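Colleague: Got a structure for you, questions after.
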Amino acid sequence: MASCLGVGVSLFGVSVQRSRNSWGVRVRSEGGASADSVSAVVNGASVVGEKEGSWSSIDKGNGWLKSKSSEKKIKLRDDVPQKLEPFWDDGYGTVTVKDYFAAAKDFTQHPDGGPPRWFCPVASGSPLKGSPILLFLPGMDGTGCGLIMHHKALGKAFEVRCLHIPVQDRTPFEGLVKLVEETIRSEHACSPNKPIYLVGDSFGGCLALAVASRNPKMDLVLILANPATSFGWSQLQPLFPLLGAMPDVLHETVPYVLSFVMGEPLKMATVDVESKLPPMQQFEKVSQNLTALLPYLSDLASIIPKDTLLWKLKLLKSAAAYANSRLHAVNAEVLVLASGKDNMVPSGDEAQRLRKSLQNCTVRYFKENGHTLLLEDGIGLMTVIKSTYKYRRSRKHDAVTDYLPPSLAEYNYAFTQVTGLFHFLTGSTMFSTLGDGTIVKGLSGVPNEGPVLLVGYHNLLGLELTPLVEGFLREKSIVVRGIAHPELFLGKLESESPEFSMIDWVKVFGAVPVTANNLYKLLSEKAHVLLYPGGAREALHYKGEEYKLFWPNQQEFVRMAARFGATIVPFGAVGEDDIAQLTLDYNDLMKIPVVSDYIREANQNSARVRDVDSGEVGNQNLFPPLLLPKIPGRFYYLFGKPIVTKGREEILKDKNSANQLYNQVKSEVEHSLAYLIKKRKEDPYRNFVDRTVYKAIYSSQHEVPAFDP
């Protein structure tokens, strides 16, 4: 038992593989245990493997291990990944609820009476160097397999461990709290400067809150998926007493009923259905998945037998009461994920209650999902953690050093299902300038190696942003790190029930708040940085100000670029006037009594990037402009000739040299805008209708031509 409670954990793990699918576990053991002793522990945990003779080689984890007896550091391996590259494989969509049932069945084939213990999924692999630990606390099933769809993605950024509570185990809630508590205290002693993540699913959410309330000084991050703290208000409360009086022969029907109450079958069936498939093929695939899912539901009877179900309901009642009585003591950072179609507990209302009751709580609402949110289709858990700025490797989140690039699944989802229609309507095309001044189609003129500072004009509402970011990823596999207005990161724009929004995607694809410190860090990491000196003043310009630059008088970015020898690439983007017409601007809205009061109050409380002494660009009044859509035209981009600052130390010392370079960059941006405004008149496919006809004749995947540069 001692080796599974997390005391002296992380000295080695034994891997167990199943040949039918990729399911497997590593059981953590403390210092003095041998491979044989760990084998006995795995058998006790009801993990299949011994009968197949599948005990594999020792998996020694990642990085340094510390011997408890000798207090010496032992170097285990040198191939621990330092960072992730864009389009990394997060495995999302390759594992479905059927894999959950298969894994859970393995755990329950040889039931035992406990005790509860930790295991490490093999699919999680080796995380990045310096990654924090993530402990998964299961729901009512207790198997610890409820995170199976997210193992691979989470394993890139966390040391993942899952709590398994055997079917016949009857450890009271306080005992489970102490078990988790011992584990986090041990981990905190080993890595006091790292946060510890607790992911609680339903019942596990109560457990996570209870542990956090007892350890207020520990750096904990709680991620609660439909926490069962609202169990007392469950829609099913009148039915629970009837379960005890139900004959055993009828208990076989309970799993079928619970499966449709707790989960959203359609969302479970669409996990591995590609959005790019034609509608009829998607329908056929979903139908097949739903049909294939039915036989697995009978396994719920073995995962949660009648006596276990009755025990778990009592355990859930005490857990909810315990957690609710100690919410005031929770100092941890909390992220609540709430489902809109949760038929088990009122998760939507509960999320709002927790948001008001807890000191530091963020909510994300998934209106189409059921109670088993982590086993259903939607946004991957790793994506949600990244987008809410909850991922960090030290005491404080750093938007630069803690950033993880988008995975292939995130890229496909964002630019297909989120902005896919916008890209289809606008048909963006890009040009760049080679070193000899030649303008070519594509981005070959933009340097591949950083640091690179992309400096340009901000279109109305930043409409040019998503095609630009997508283009650099698609053509060059480069994440463009945008410097954005701080209001996007303060949470003031969120509603009472915030869903996963465009602002969240902005964070996923690398945007950071505009500060000199963030620009310094990005250039020092040789990133490709996107900067708009005109900022919100250009993005929220007034009528008649299309393609007019509003730049500050100071050479804000030139000296910073020269300090790191960054290459400055001035660029222009046009197309806002072909997409929509600005109907009501700031001056118009301020003439409307109620609206003007709202805008005035909002700007008084908004973050200021510059002071009013910065000139016209300092007049960054935020307001919601009213736009009238047009039949879409096209976005055009021209990246100018790269300006190399490496070796030009005089820019750092001489103000006149810096000012000269600043004016050169500004002039190049204005030249790019004028060039595109003139040349787009020569484009035979500037109009959306013409582009659609072209794609119909040739291929929907074929790039539509533009003007000759």
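Naming scheme: A, B, ... for chains in displayed order of the structure tokens; residues 1 onward per chain; ligands 1 onward as shown.
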When you look at segment 571-573 of chain A with a cut-off of 8 Å (counting only C-alpha atoms), what residues show up, excluding the ones that are within fewer than 5 positions of it in the same chain? I need them as number ranges by chain.

Modeller: A: 454-459, 464, 635-640, 668-670, 672-673, 676

Colleague: Which residues of segment 315-360 of chain A come within 12 Å of segment 223-226 of chain A, and what is each one's closest atom pair and distance in Å (one decimal), counting only C-alpha atoms, sorted by chain and residue number, as JSON lines?

Modeller:
```
{"residue": "A:Ala332", "atom": "CA", "partner": "A:Ile223", "partner_atom": "CA", "distance": 10.3}
{"residue": "A:Glu333", "atom": "CA", "partner": "A:Ile223", "partner_atom": "CA", "distance": 8.6}
{"residue": "A:Val334", "atom": "CA", "partner": "A:Ile223", "partner_atom": "CA", "distance": 6.0}
{"residue": "A:Leu335", "atom": "CA", "partner": "A:Ile223", "partner_atom": "CA", "distance": 4.8}
{"residue": "A:Val336", "atom": "CA", "partner": "A:Leu224", "partner_atom": "CA", "distance": 4.8}
{"residue": "A:Leu337", "atom": "CA", "partner": "A:Ala225", "partner_atom": "CA", "distance": 4.7}
{"residue": "A:Ala338", "atom": "CA", "partner": "A:Asn226", "partner_atom": "CA", "distance": 5.1}
{"residue": "A:Ser339", "atom": "CA", "partner": "A:Asn226", "partner_atom": "CA", "distance": 6.7}
{"residue": "A:Gly340", "atom": "CA", "partner": "A:Asn226", "partner_atom": "CA", "distance": 9.9}
{"residue": "A:Lys341", "atom": "CA", "partner": "A:Asn226", "partner_atom": "CA", "distance": 10.8}
{"residue": "A:Asp342", "atom": "CA", "partner": "A:Asn226", "partner_atom": "CA", "distance": 8.1}
{"residue": "A:Asn343", "atom": "CA", "partner": "A:Asn226", "partner_atom": "CA", "distance": 10.9}
{"residue": "A:Met344", "atom": "CA", "partner": "A:Asn226", "partner_atom": "CA", "distance": 9.4}
{"residue": "A:Val345", "atom": "CA", "partner": "A:Asn226", "partner_atom": "CA", "distance": 7.9}
{"residue": "A:Pro346", "atom": "CA", "partner": "A:Asn226", "partner_atom": "CA", "distance": 8.6}
{"residue": "A:Ser347", "atom": "CA", "partner": "A:Asn226", "partner_atom": "CA", "distance": 5.5}
{"residue": "A:Gly348", "atom": "CA", "partner": "A:Asn226", "partner_atom": "CA", "distance": 8.3}
{"residue": "A:Asp349", "atom": "CA", "partner": "A:Asn226", "partner_atom": "CA", "distance": 10.5}
{"residue": "A:Glu350", "atom": "CA", "partner": "A:Asn226", "partner_atom": "CA", "distance": 8.4}
{"residue": "A:Ala351", "atom": "CA", "partner": "A:Asn226", "partner_atom": "CA", "distance": 8.0}
{"residue": "A:Gln352", "atom": "CA", "partner": "A:Asn226", "partner_atom": "CA", "distance": 11.7}
{"residue": "A:Leu354", "atom": "CA", "partner": "A:Leu224", "partner_atom": "CA", "distance": 10.5}
{"residue": "A:Arg355", "atom": "CA", "partner": "A:Leu224", "partner_atom": "CA", "distance": 11.8}
```

Colleague: Filtering to N, CA, C and O atoms, could you give me those residues as a compact mmCIF listing (two decimals), in the first residue's frame?

Modeller:
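To be explicit, this is the file written out as out.txt:
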```txt
# COMPACT_ATOMS: atom_id res chain seq x y z
N ALA A 332 -6.97 28.15 -3.76
CA ALA A 332 -6.39 27.66 -5.00
C ALA A 332 -6.98 28.37 -6.22
O ALA A 332 -8.07 28.94 -6.18
N GLU A 333 -6.23 28.31 -7.31
CA GLU A 333 -6.72 28.78 -8.60
C GLU A 333 -7.67 27.72 -9.15
O GLU A 333 -7.31 26.53 -9.20
N VAL A 334 -8.87 28.11 -9.57
CA VAL A 334 -9.91 27.14 -9.93
C VAL A 334 -10.44 27.43 -11.34
O VAL A 334 -10.71 28.59 -11.68
N LEU A 335 -10.57 26.38 -12.11
CA LEU A 335 -11.22 26.44 -13.42
C LEU A 335 -12.37 25.45 -13.41
O LEU A 335 -12.16 24.24 -13.23
N VAL A 336 -13.59 25.93 -13.59
CA VAL A 336 -14.79 25.07 -13.58
C VAL A 336 -15.28 24.90 -15.02
O VAL A 336 -15.50 25.88 -15.73
N LEU A 337 -15.46 23.64 -15.43
CA LEU A 337 -16.01 23.31 -16.74
C LEU A 337 -17.43 22.79 -16.53
O LEU A 337 -17.62 21.76 -15.87
N ALA A 338 -18.40 23.50 -17.07
CA ALA A 338 -19.80 23.17 -16.82
C ALA A 338 -20.52 22.82 -18.11
O ALA A 338 -20.36 23.49 -19.12
N SER A 339 -21.34 21.76 -18.05
CA SER A 339 -22.10 21.30 -19.22
C SER A 339 -23.52 21.84 -19.19
O SER A 339 -24.14 21.94 -18.12
N GLY A 340 -24.03 22.15 -20.38
CA GLY A 340 -25.38 22.69 -20.47
C GLY A 340 -26.46 21.63 -20.49
O GLY A 340 -27.63 21.93 -20.23
N LYS A 341 -26.08 20.38 -20.80
CA LYS A 341 -27.06 19.29 -20.85
C LYS A 341 -26.77 18.23 -19.81
O LYS A 341 -26.91 17.04 -20.05
N ASP A 342 -26.33 18.69 -18.64
CA ASP A 342 -26.05 17.78 -17.53
C ASP A 342 -27.36 17.41 -16.85
O ASP A 342 -28.00 18.24 -16.21
N ASN A 343 -27.76 16.15 -17.01
CA ASN A 343 -29.00 15.68 -16.40
C ASN A 343 -28.78 15.03 -15.04
O ASN A 343 -29.73 14.54 -14.42
N MET A 344 -27.53 15.04 -14.57
CA MET A 344 -27.20 14.44 -13.28
C MET A 344 -27.27 15.49 -12.17
O MET A 344 -27.92 15.28 -11.14
N VAL A 345 -26.59 16.61 -12.40
CA VAL A 345 -26.60 17.71 -11.43
C VAL A 345 -26.73 19.03 -12.21
O VAL A 345 -26.38 19.09 -13.39
N PRO A 346 -27.23 20.08 -11.58
CA PRO A 346 -27.38 21.38 -12.28
C PRO A 346 -26.04 22.10 -12.41
O PRO A 346 -25.78 23.09 -11.71
N SER A 347 -25.20 21.62 -13.31
CA SER A 347 -23.82 22.11 -13.39
C SER A 347 -23.72 23.57 -13.80
O SER A 347 -22.83 24.29 -13.35
N GLY A 348 -24.61 24.04 -14.68
CA GLY A 348 -24.57 25.42 -15.11
C GLY A 348 -24.76 26.38 -13.95
O GLY A 348 -23.98 27.33 -13.76
N ASP A 349 -25.81 26.16 -13.17
CA ASP A 349 -26.07 27.01 -12.00
C ASP A 349 -24.97 26.86 -10.95
O ASP A 349 -24.58 27.84 -10.30
N GLU A 350 -24.46 25.65 -10.80
CA GLU A 350 -23.43 25.41 -9.81
C GLU A 350 -22.14 26.14 -10.16
O GLU A 350 -21.44 26.65 -9.28
N ALA A 351 -21.83 26.20 -11.44
CA ALA A 351 -20.62 26.91 -11.87
C ALA A 351 -20.69 28.38 -11.47
O ALA A 351 -19.70 28.97 -11.02
N GLN A 352 -21.87 28.99 -11.62
CA GLN A 352 -22.02 30.39 -11.24
C GLN A 352 -21.92 30.57 -9.73
O GLN A 352 -21.36 31.55 -9.24
N LEU A 354 -20.16 28.65 -7.67
CA LEU A 354 -18.75 28.50 -7.30
C LEU A 354 -17.94 29.72 -7.72
O LEU A 354 -17.01 30.13 -7.02
N ARG A 355 -18.30 30.30 -8.84
CA ARG A 355 -17.58 31.49 -9.31
C ARG A 355 -17.71 32.63 -8.30
O ARG A 355 -16.76 33.39 -8.09
```

Colleague: Tell me which of A:Val167, A:Asn215, A:Cys206, A:Gly435 sits closest to Thr308 of chain A, counting only C-alpha atoms.

Modeller: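 Closest residue, counting only C-alpha atoms: A:Val167.
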
Colleague: Using only C-alpha atoms, which residues sit within 10 Å of segment 153-157 of chain A once same-chain residues fewer than 6 positions away are excluded, as a PyMOL selection string?

Modeller: chain A and resi 81+83-84+88-92+120-134+147+380-383+385+391-393+402+404+407

Colleague: Would you please work out which residue, of A:Pro570, A:Pro405, A:Ala323, A:Glu181, is nearest to Asn663 of chain A when using only C-alpha atoms?

Modeller: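 For Asn663 of chain A, the nearest of the candidates is A:Pro570.
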
Colleague: To one decimal place in Å, what is the distance between atom CA of Ser606 of chain A and atom CA of Pro513 of chain A?

Modeller: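 Atom CA of Pro513 of chain A lies at a distance of 13.7 Å from atom CA of Ser606 of chain A.
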
Colleague: Got a sec: who's within 10 Å of Thr433 of chain A, counting only C-alpha atoms, leaving out chain neighbours fewer than 6 positions off, as an MDAnalysis selection string?

Modeller: chainID A and resid 439:446 569 571 638:642
